[in-house]
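In what follows, a single structure is set out as structure tokens and then discussed.
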Amino acid sequence: MWWRSGVAVLALLGVLLTACGSGAPSADRAPVPSLVSDAGLAQVVLRVGDQKGGAKSMLAAAGLLDNVPYRIEWSTFAAGPPLLEAASAGAIDLGGVGNTPPIFAAAANAKVSVVSAARGDLTGDAVLVPADSPLRDLAGLRGRTVAVAKGSSAHGVLLSALRRANLAPSDVNIAYLAPAEAYAAFSQRRVDAWAIWEPYTSQALRETGARVLVDGSAGLTNGLSFQVASRAALADPGRNTAIRDYLIRYARAMAWADAHREQRAAVWSRETGLPVEVTRAAVERGGDLAVPLDQAAIDSEQQLADAFADARLVPSRVRFADHVDRRHDQDVLAAVR
């Protein structure tokens, strides 16, 4: 398995399935007409993977779960790698992940394809240390224990950070922990550093007094995230049409959230139980916005894939372009121009 099997099992056993429905209402949202013809979609069920407080709450707050001509079943996962395992296994049809999970999925010959791209703020992807840590630079990580979710976007940031300091992954003790486990370990000083993403970055900064050792703005990440679909769903006419519609709605929801940051923070807080001060800090860094799934994005991911292969963290080299499906890209981008 290309992630911690415990996380994958818990995510798959703990799937939370609900029909798409009401969410936190937006004060200024307007009714949104169906983006596709209702014909033939009434019987379609689109199974979407999400993280708590993620796509579902943002779509609902923006009013973009209104008038959906198909049914959405939501599954909640702790991170991207188990979500992609579920997609490859046929348990879900579509889901959002960071820049690194698709590389691990491709190396494992997962039956999924990247279908749309977004880019966000880079500073939320960070390597954190306790406020009183003696660590002041990346070189100081040698021999230290660093927590990270295996195969996550944070794993990519950590790998880039180590390369920047001329350190090999074997020069540090990497503790592969899911975010909740890592937060506990970091808070209790059982690890020396933590590579993580938002909203956990803002949570650790506010609640534990953590300090940023380095963040993505130092050129350690491309800031990309992706929607990834199962190939079986893409091959099914009804689900493929629903996927196109969902991708358009999600792109519009990201734009709405970026323009309504206080409302997004409030919804995110209610969904996750995090203090609104934490979600507000995360939102103020800037959210993801749709970008072209173009050659530049593919080349950037290929560089990351090559770095993982060079470090022998994936079992084989990956040609990222072979795992990209652009059929809906122009429609998605046109919807938010």
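The way I read the labels, and the way they are meant: chains A, B, ... in the order of the structure tokens, residue 1 as the first residue of every chain, and ligand 1 as the first ligand shown, with later ones counted on from there.
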
Residues of range 202-263 of chain A at most 7 Å from range 278-293 of chain A: nearest atom pair and distance in Å, only C-alpha atoms, as CSV:
```
residue,atom,partner,partner_atom,distance
A:Ser202,CA,A:Val278,CA,5.6
A:Gln203,CA,A:Val278,CA,5.5
A:Ala251,CA,A:Ala290,CA,5.7
A:Met254,CA,A:Leu289,CA,5.7
A:Ala255,CA,A:Leu289,CA,6.2
A:Asp258,CA,A:Gly287,CA,5.7
A:Arg261,CA,A:Val283,CA,6.1
A:Glu262,CA,A:Arg280,CA,6.8
```

Keeping only N, CA and C atoms, write the selected residues to a file as a PDB file, in the first residue's frame.
```pdb
ATOM      1  N   SER A 202      -2.809  26.765  10.418  1.00  0.00           N
ATOM      2  CA  SER A 202      -3.324  27.862  11.235  1.00  0.00           C
ATOM      3  C   SER A 202      -3.712  27.388  12.632  1.00  0.00           C
ATOM      4  N   GLN A 203      -4.253  26.172  12.736  1.00  0.00           N
ATOM      5  CA  GLN A 203      -4.618  25.643  14.048  1.00  0.00           C
ATOM      6  C   GLN A 203      -3.385  25.505  14.936  1.00  0.00           C
ATOM      7  N   ALA A 251     -15.649  24.718  -9.407  1.00  0.00           N
ATOM      8  CA  ALA A 251     -14.845  25.877  -9.813  1.00  0.00           C
ATOM      9  C   ALA A 251     -15.540  27.178  -9.421  1.00  0.00           C
ATOM     10  N   MET A 254     -15.279  27.708  -5.603  1.00  0.00           N
ATOM     11  CA  MET A 254     -13.980  28.236  -5.189  1.00  0.00           C
ATOM     12  C   MET A 254     -13.925  29.748  -5.403  1.00  0.00           C
ATOM     13  N   ALA A 255     -14.436  30.198  -6.537  1.00  0.00           N
ATOM     14  CA  ALA A 255     -14.453  31.639  -6.803  1.00  0.00           C
ATOM     15  C   ALA A 255     -15.340  32.357  -5.795  1.00  0.00           C
ATOM     16  N   ASP A 258     -13.563  32.623  -2.404  1.00  0.00           N
ATOM     17  CA  ASP A 258     -12.497  33.620  -2.407  1.00  0.00           C
ATOM     18  C   ASP A 258     -13.063  35.027  -2.283  1.00  0.00           C
ATOM     19  N   ARG A 261     -14.913  35.546   1.978  1.00  0.00           N
ATOM     20  CA  ARG A 261     -14.015  34.837   2.891  1.00  0.00           C
ATOM     21  C   ARG A 261     -14.579  34.703   4.293  1.00  0.00           C
ATOM     22  N   GLU A 262     -15.257  35.717   4.780  1.00  0.00           N
ATOM     23  CA  GLU A 262     -15.807  35.628   6.134  1.00  0.00           C
ATOM     24  C   GLU A 262     -16.889  34.558   6.192  1.00  0.00           C
TER      25      GLU A 262
END
```

Those in range 95-247 of chain A with helix (DSSP H, G or I) from DSSP, as a count of residues only = 62

What are the closest atom pairs, with distances in Å to one decimal, for each residue of range 225-290 of chain A lying within 9 Å of range 46-53 of chain A, using only C-alpha atoms, rows by chain and rising residue number, as a tab-separated table?
```
residue	atom	partner	partner_atom	distance
A:Ala233	CA	A:Leu46	CA	8.7
A:Arg239	CA	A:Leu46	CA	6.3
A:Ala242	CA	A:Leu46	CA	6.8
A:Ile243	CA	A:Leu46	CA	7.5
A:Tyr246	CA	A:Leu46	CA	8.9
A:Val267	CA	A:Gly53	CA	7.6
A:Trp268	CA	A:Gly53	CA	5.1
A:Ser269	CA	A:Gly53	CA	7.7
A:Arg270	CA	A:Gly53	CA	8.0
A:Glu271	CA	A:Gly53	CA	4.9
A:Thr272	CA	A:Gly53	CA	5.5
```

Would you output that residue set with N, CA and C atoms, as a compact mmCIF listing (two decimals), in the first residue's frame?
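Printed below is part-v2.txt as written:
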```txt
# COMPACT_ATOMS: atom_id res chain seq x y z
N ALA A 233 -15.91 5.74 -13.90
CA ALA A 233 -16.93 6.79 -13.92
C ALA A 233 -16.83 7.63 -15.18
N ARG A 239 -22.52 9.24 -15.55
CA ARG A 239 -21.63 9.76 -14.51
C ARG A 239 -20.62 10.75 -15.08
N ALA A 242 -22.33 14.01 -15.24
CA ALA A 242 -22.43 14.55 -13.88
C ALA A 242 -21.09 15.08 -13.40
N ILE A 243 -20.01 14.40 -13.75
CA ILE A 243 -18.67 14.87 -13.36
C ILE A 243 -18.40 16.24 -13.98
N TYR A 246 -20.37 18.75 -12.02
CA TYR A 246 -19.81 18.94 -10.67
C TYR A 246 -18.54 19.80 -10.74
N VAL A 267 -18.61 28.91 7.75
CA VAL A 267 -19.09 27.58 7.36
C VAL A 267 -18.04 26.52 7.69
N TRP A 268 -16.80 26.80 7.37
CA TRP A 268 -15.70 25.87 7.62
C TRP A 268 -15.60 25.59 9.12
N SER A 269 -15.76 26.60 9.94
CA SER A 269 -15.72 26.44 11.39
C SER A 269 -16.84 25.53 11.87
N ARG A 270 -18.07 25.77 11.38
CA ARG A 270 -19.20 24.94 11.80
C ARG A 270 -19.03 23.49 11.39
N GLU A 271 -18.48 23.26 10.20
CA GLU A 271 -18.33 21.90 9.69
C GLU A 271 -17.26 21.12 10.43
N THR A 272 -16.18 21.78 10.83
CA THR A 272 -15.04 21.08 11.41
C THR A 272 -14.97 21.16 12.92
```

Using only C-alpha atoms, determine which residues lie at most 7 Å from Thr123 in chain A, disregarding the query and same-chain residues fewer than 3 positions distant; provide the list as a PyMOL selection string.
-> chain A and resi 126+215-217

Keeping only all heavy atoms, take the residues you just selected and write them out as a compact mmCIF listing (two decimals), in the first residue's frame.
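As a result, out.txt now contains:
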```txt
# COMPACT_ATOMS: atom_id res chain seq x y z
N ALA A 126 3.41 24.05 5.10
CA ALA A 126 4.55 24.46 5.91
C ALA A 126 5.15 23.31 6.69
O ALA A 126 4.51 22.28 6.93
CB ALA A 126 4.11 25.57 6.89
N ASP A 215 7.95 27.54 4.61
CA ASP A 215 6.65 27.27 3.99
C ASP A 215 6.79 27.22 2.48
O ASP A 215 7.88 27.41 1.92
CB ASP A 215 5.59 28.29 4.42
CG ASP A 215 5.88 29.72 3.98
OD1 ASP A 215 6.40 29.90 2.85
OD2 ASP A 215 5.57 30.65 4.73
N GLY A 216 5.67 26.94 1.82
CA GLY A 216 5.70 26.73 0.39
C GLY A 216 6.12 27.91 -0.44
O GLY A 216 6.51 27.76 -1.60
N SER A 217 6.05 29.11 0.12
CA SER A 217 6.44 30.30 -0.63
C SER A 217 7.93 30.32 -0.93
O SER A 217 8.39 31.12 -1.75
CB SER A 217 6.04 31.57 0.12
OG SER A 217 6.77 31.68 1.34
```

Ser133 in chain A: which residues within 10 Å, counting only C-alpha atoms, same-chain residues fewer than 6 positions away excluded, as a ChimeraX atom specification?
-> /A:189,192-193,210-211,213

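Among A:Arg249, A:Arg144, A:Asp236, A:Leu128, the residue with the shortest atom-to-atom distance to Ile196 in chain A, counting only C-alpha atoms, is A:Leu128.
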
Best match for closeness to Arg327 in chain A among A:Glu198, A:Glu207, A:Glu181, A:Asp294, counting only C-alpha atoms |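 Under the stated criterion, the closest residue is A:Asp294.
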
Nearby residues (only C-alpha atoms) at most 10 Å from Gly238 in chain A, same-chain spacing under 2 positions excluded, as a PyMOL selection string = chain A and resi 39-46+70+233-236+240-243

Emit the selected residues as a compact mmCIF listing (two decimals), in the first residue's frame, including N, CA, C and O atoms.
```txt
# COMPACT_ATOMS: atom_id res chain seq x y z
N ALA A 39 -32.34 15.59 -18.49
CA ALA A 39 -32.67 14.36 -19.21
C ALA A 39 -31.62 13.28 -18.95
O ALA A 39 -30.43 13.49 -19.16
N GLY A 40 -32.07 12.14 -18.47
CA GLY A 40 -31.19 11.00 -18.28
C GLY A 40 -30.36 11.03 -17.03
O GLY A 40 -29.64 10.07 -16.74
N LEU A 41 -30.41 12.12 -16.25
CA LEU A 41 -29.55 12.21 -15.06
C LEU A 41 -30.30 11.94 -13.76
O LEU A 41 -29.67 11.85 -12.71
N ALA A 42 -31.60 11.82 -13.81
CA ALA A 42 -32.38 11.64 -12.59
C ALA A 42 -31.97 10.38 -11.84
O ALA A 42 -32.06 10.32 -10.61
N GLN A 43 -31.51 9.37 -12.56
CA GLN A 43 -31.12 8.12 -11.93
C GLN A 43 -29.61 8.03 -11.65
O GLN A 43 -29.14 7.03 -11.12
N VAL A 44 -28.88 9.07 -12.00
CA VAL A 44 -27.43 9.05 -11.81
C VAL A 44 -27.07 9.40 -10.38
O VAL A 44 -27.59 10.37 -9.81
N VAL A 45 -26.17 8.63 -9.80
CA VAL A 45 -25.62 8.91 -8.47
C VAL A 45 -24.12 9.16 -8.64
O VAL A 45 -23.39 8.31 -9.15
N LEU A 46 -23.67 10.34 -8.25
CA LEU A 46 -22.25 10.68 -8.30
C LEU A 46 -21.70 10.59 -6.89
O LEU A 46 -22.13 11.30 -5.99
N TYR A 70 -28.82 15.34 -10.56
CA TYR A 70 -28.41 13.98 -10.21
C TYR A 70 -28.24 13.96 -8.70
O TYR A 70 -28.30 14.99 -8.03
N ALA A 233 -15.91 5.74 -13.90
CA ALA A 233 -16.93 6.79 -13.92
C ALA A 233 -16.83 7.63 -15.18
O ALA A 233 -17.85 8.01 -15.77
N LEU A 234 -15.62 7.92 -15.62
CA LEU A 234 -15.44 8.71 -16.84
C LEU A 234 -15.93 7.95 -18.07
O LEU A 234 -16.34 8.57 -19.06
N ALA A 235 -15.89 6.63 -18.01
CA ALA A 235 -16.33 5.83 -19.14
C ALA A 235 -17.84 5.63 -19.18
O ALA A 235 -18.38 5.19 -20.19
N ASP A 236 -18.52 6.00 -18.10
CA ASP A 236 -19.97 5.86 -18.02
C ASP A 236 -20.62 7.17 -18.46
O ASP A 236 -20.36 8.22 -17.86
N ASN A 240 -20.18 10.55 -16.33
CA ASN A 240 -19.26 11.49 -16.94
C ASN A 240 -19.92 12.86 -17.11
O ASN A 240 -19.29 13.90 -16.86
N THR A 241 -21.19 12.88 -17.52
CA THR A 241 -21.91 14.15 -17.63
C THR A 241 -22.05 14.81 -16.26
O THR A 241 -21.89 16.04 -16.13
N ALA A 242 -22.33 14.01 -15.24
CA ALA A 242 -22.43 14.55 -13.88
C ALA A 242 -21.09 15.08 -13.40
O ALA A 242 -21.03 16.11 -12.72
N ILE A 243 -20.01 14.40 -13.75
CA ILE A 243 -18.67 14.87 -13.36
C ILE A 243 -18.40 16.24 -13.98
O ILE A 243 -17.90 17.15 -13.30
```

Selected residue of minimal separation from Leu158 in chain A among A:Ala178, A:Ala195, A:Ala257, A:Ala229, counting only C-alpha atoms | A:Ala195
